[in-house]
$ cat final-v3.pdb   # PDB, C-alpha atoms, pLDDT in the B column
ATOM      1  CA  MET A   1       0.000   0.000   0.000  1.00 68.00           C
ATOM      2  CA  LEU A   2       1.313   3.450  -0.861  1.00 68.00           C
ATOM      3  CA  SER A   3       1.761   6.125   1.768  1.00 76.00           C
ATOM      4  CA  THR A   4       0.102   9.496   1.335  1.00 76.00           C
ATOM      5  CA  ALA A   5       3.400  11.042   0.244  1.00 73.00           C
ATOM      6  CA  GLN A   6       3.982   8.265  -2.292  1.00 72.00           C
ATOM      7  CA  THR A   7       0.449   8.676  -3.647  1.00 74.00           C
ATOM      8  CA  LYS A   8       0.977  12.414  -4.087  1.00 71.00           C
ATOM      9  CA  LEU A   9       4.337  11.771  -5.763  1.00 68.00           C
ATOM     10  CA  LEU A  10       2.742   9.279  -8.133  1.00 68.00           C
ATOM     11  CA  ALA A  11      -0.025  11.754  -9.000  1.00 67.00           C
ATOM     12  CA  ILE A  12       2.511  14.514  -9.676  1.00 66.00           C
ATOM     13  CA  MET A  13       4.619  12.179 -11.821  1.00 60.00           C
ATOM     14  CA  GLN A  14       1.586  11.089 -13.836  1.00 62.00           C
ATOM     15  CA  MET A  15       0.665  14.722 -14.500  1.00 59.00           C
ATOM     16  CA  GLY A  16       4.212  15.403 -15.697  1.00 60.00           C
ATOM     17  CA  ASP A  17       4.932  18.245 -13.276  1.00 62.00           C
ATOM     18  CA  LEU A  18       7.914  16.496 -11.719  1.00 64.00           C
ATOM     19  CA  GLY A  19      11.052  15.599 -13.689  1.00 75.00           C
ATOM     20  CA  ALA A  20      12.689  12.206 -13.408  1.00 77.00           C
ATOM     21  CA  ALA A  21      15.648  13.528 -11.395  1.00 80.00           C
ATOM     22  CA  GLU A  22      13.383  15.353  -8.947  1.00 82.00           C
ATOM     23  CA  ALA A  23      11.134  12.295  -8.614  1.00 79.00           C
ATOM     24  CA  GLU A  24      14.147  10.108  -7.831  1.00 85.00           C
ATOM     25  CA  LYS A  25      15.381  12.620  -5.253  1.00 88.00           C
ATOM     26  CA  THR A  26      11.939  12.658  -3.612  1.00 86.00           C
ATOM     27  CA  GLU A  27      11.797   8.849  -3.531  1.00 88.00           C
ATOM     28  CA  GLU A  28      15.271   8.703  -1.957  1.00 93.00           C
ATOM     29  CA  THR A  29      14.206  11.258   0.639  1.00 92.00           C
ATOM     30  CA  LEU A  30      11.123   9.188   1.484  1.00 91.00           C
ATOM     31  CA  ALA A  31      13.289   6.065   1.824  1.00 93.00           C
ATOM     32  CA  LEU A  32      15.690   7.855   4.183  1.00 95.00           C
ATOM     33  CA  LEU A  33      12.793   9.124   6.284  1.00 94.00           C
ATOM     34  CA  LYS A  34      11.475   5.553   6.544  1.00 95.00           C
ATOM     35  CA  ILE A  35      14.896   4.329   7.690  1.00 96.00           C
ATOM     36  CA  LEU A  36      15.039   7.097  10.295  1.00 95.00           C
ATOM     37  CA  ALA A  37      11.566   6.213  11.579  1.00 95.00           C
ATOM     38  CA  ILE A  38      12.487   2.526  11.869  1.00 96.00           C
ATOM     39  CA  SER A  39      15.754   3.421  13.619  1.00 95.00           C
ATOM     40  CA  GLN A  40      13.968   5.670  16.081  1.00 96.00           C
ATOM     41  CA  ALA A  41      11.479   2.902  16.836  1.00 96.00           C
ATOM     42  CA  ASP A  42      14.417   0.566  17.603  1.00 96.00           C
ATOM     43  CA  VAL A  43      15.937   3.151  19.952  1.00 95.00           C
ATOM     44  CA  ASP A  44      12.579   3.732  21.665  1.00 96.00           C
ATOM     45  CA  ALA A  45      12.130  -0.025  22.142  1.00 97.00           C
ATOM     46  CA  GLY A  46      15.635  -0.445  23.543  1.00 95.00           C
ATOM     47  CA  ARG A  47      16.849  -2.570  20.636  1.00 95.00           C
ATOM     48  CA  VAL A  48      20.292  -0.957  20.622  1.00 95.00           C
ATOM     49  CA  HIS A  49      23.828  -1.937  21.630  1.00 95.00           C
ATOM     50  CA  THR A  50      26.928   0.094  22.353  1.00 95.00           C
ATOM     51  CA  MET A  51      29.793  -0.022  19.895  1.00 96.00           C
ATOM     52  CA  ASP A  52      31.882  -1.881  22.481  1.00 97.00           C
ATOM     53  CA  GLU A  53      29.176  -4.560  22.818  1.00 96.00           C
ATOM     54  CA  VAL A  54      29.045  -5.015  19.051  1.00 95.00           C
ATOM     55  CA  ILE A  55      32.837  -5.251  18.723  1.00 96.00           C
ATOM     56  CA  GLU A  56      32.977  -7.743  21.587  1.00 95.00           C
ATOM     57  CA  ALA A  57      30.258  -9.879  19.995  1.00 94.00           C
ATOM     58  CA  ILE A  58      32.042  -9.869  16.624  1.00 94.00           C
ATOM     59  CA  ARG A  59      35.346 -10.842  18.226  1.00 93.00           C
ATOM     60  CA  ALA A  60      33.658 -13.599  20.216  1.00 92.00           C
ATOM     61  CA  LYS A  61      31.974 -14.918  17.082  1.00 91.00           C
ATOM     62  CA  ARG A  62      35.298 -15.028  15.233  1.00 90.00           C
ATOM     63  CA  ALA A  63      37.084 -16.825  18.083  1.00 82.00           C
ATOM     64  CA  PRO A  64      36.886 -20.632  18.009  1.00 76.00           C
ATOM     65  CA  ASN A  65      34.392 -22.233  20.424  1.00 68.00           C
ATOM     66  CA  SER A  66      33.019 -18.891  21.630  1.00 56.00           C
ATOM     67  CA  THR A  67      29.518 -17.497  21.765  1.00 59.00           C
ATOM     68  CA  ALA A  68      28.573 -13.878  21.239  1.00 56.00           C
ATOM     69  CA  SER A  69      26.616 -11.972  23.865  1.00 61.00           C
ATOM     70  CA  PHE A  70      23.901 -11.312  21.261  1.00 63.00           C
ATOM     71  CA  PRO A  71      23.307 -12.588  17.720  1.00 60.00           C
ATOM     72  CA  VAL A  72      25.208 -10.730  15.020  1.00 53.00           C
TER      73      VAL A  72
END

$ encode --input "final-v3.pdb" --output "structure tokens"
Amino acid sequence: MLSTAQTKLLAIMQMGDLGAAEAEKTEETLALLKILAISQADVDAGRVHTMDEVIEAIRAKRAPNSTASFPV
């Protein structure tokens, strides 16, 4: 299902008021906004790790017979 912004973009593109380059830029902007919204939801839900935790988990995963503190 298309979002309201995507529907408006599609309508503008169909009417020919928006060039291909501008349409692509708008689509990329919408995609980045979606990524930011998903990232913020992860932060709000506590689904985050410090950089040290991530590095430790990667090192543990690479070491033989070790388990990481969280799945990588």

$ atom_distance --input "final-v3.pdb" --atom1 "atom CA of Ala21 of chain A" --atom2 "atom CA of Leu36 of chain A"
22.6 Å

$ closest_residue --input "final-v3.pdb" --among "A:Asp42, A:Glu22, A:Glu53, A:Glu27" --to "Ala5 of chain A" --atoms "all atoms listed in the file"
A:Glu27

$ atom_distance --input "final-v3.pdb" --atom1 "atom CA of Lys8 of chain A" --atom2 "atom CA of Leu30 of chain A"
12.0 Å

$ atom_distance --input "final-v3.pdb" --atom1 "atom CA of Ala23 of chain A" --atom2 "atom CA of Gln6 of chain A"
10.4 Å

$ closest_residue --input "final-v3.pdb" --among "A:Ala57, A:Ser3, A:Asp52, A:Gly46" --to "Lys34 of chain A" --atoms "all atoms listed in the file"
A:Ser3

$ axis_aligned_box --input "final-v3.pdb" --around "segment 50-65 of chain A" --padding-each-side "8 Å" --output "JSON"
{"center_x": 32.0, "center_y": -11.1, "center_z": 19.0, "size_x": 26.2, "size_y": 38.3, "size_z": 23.6}
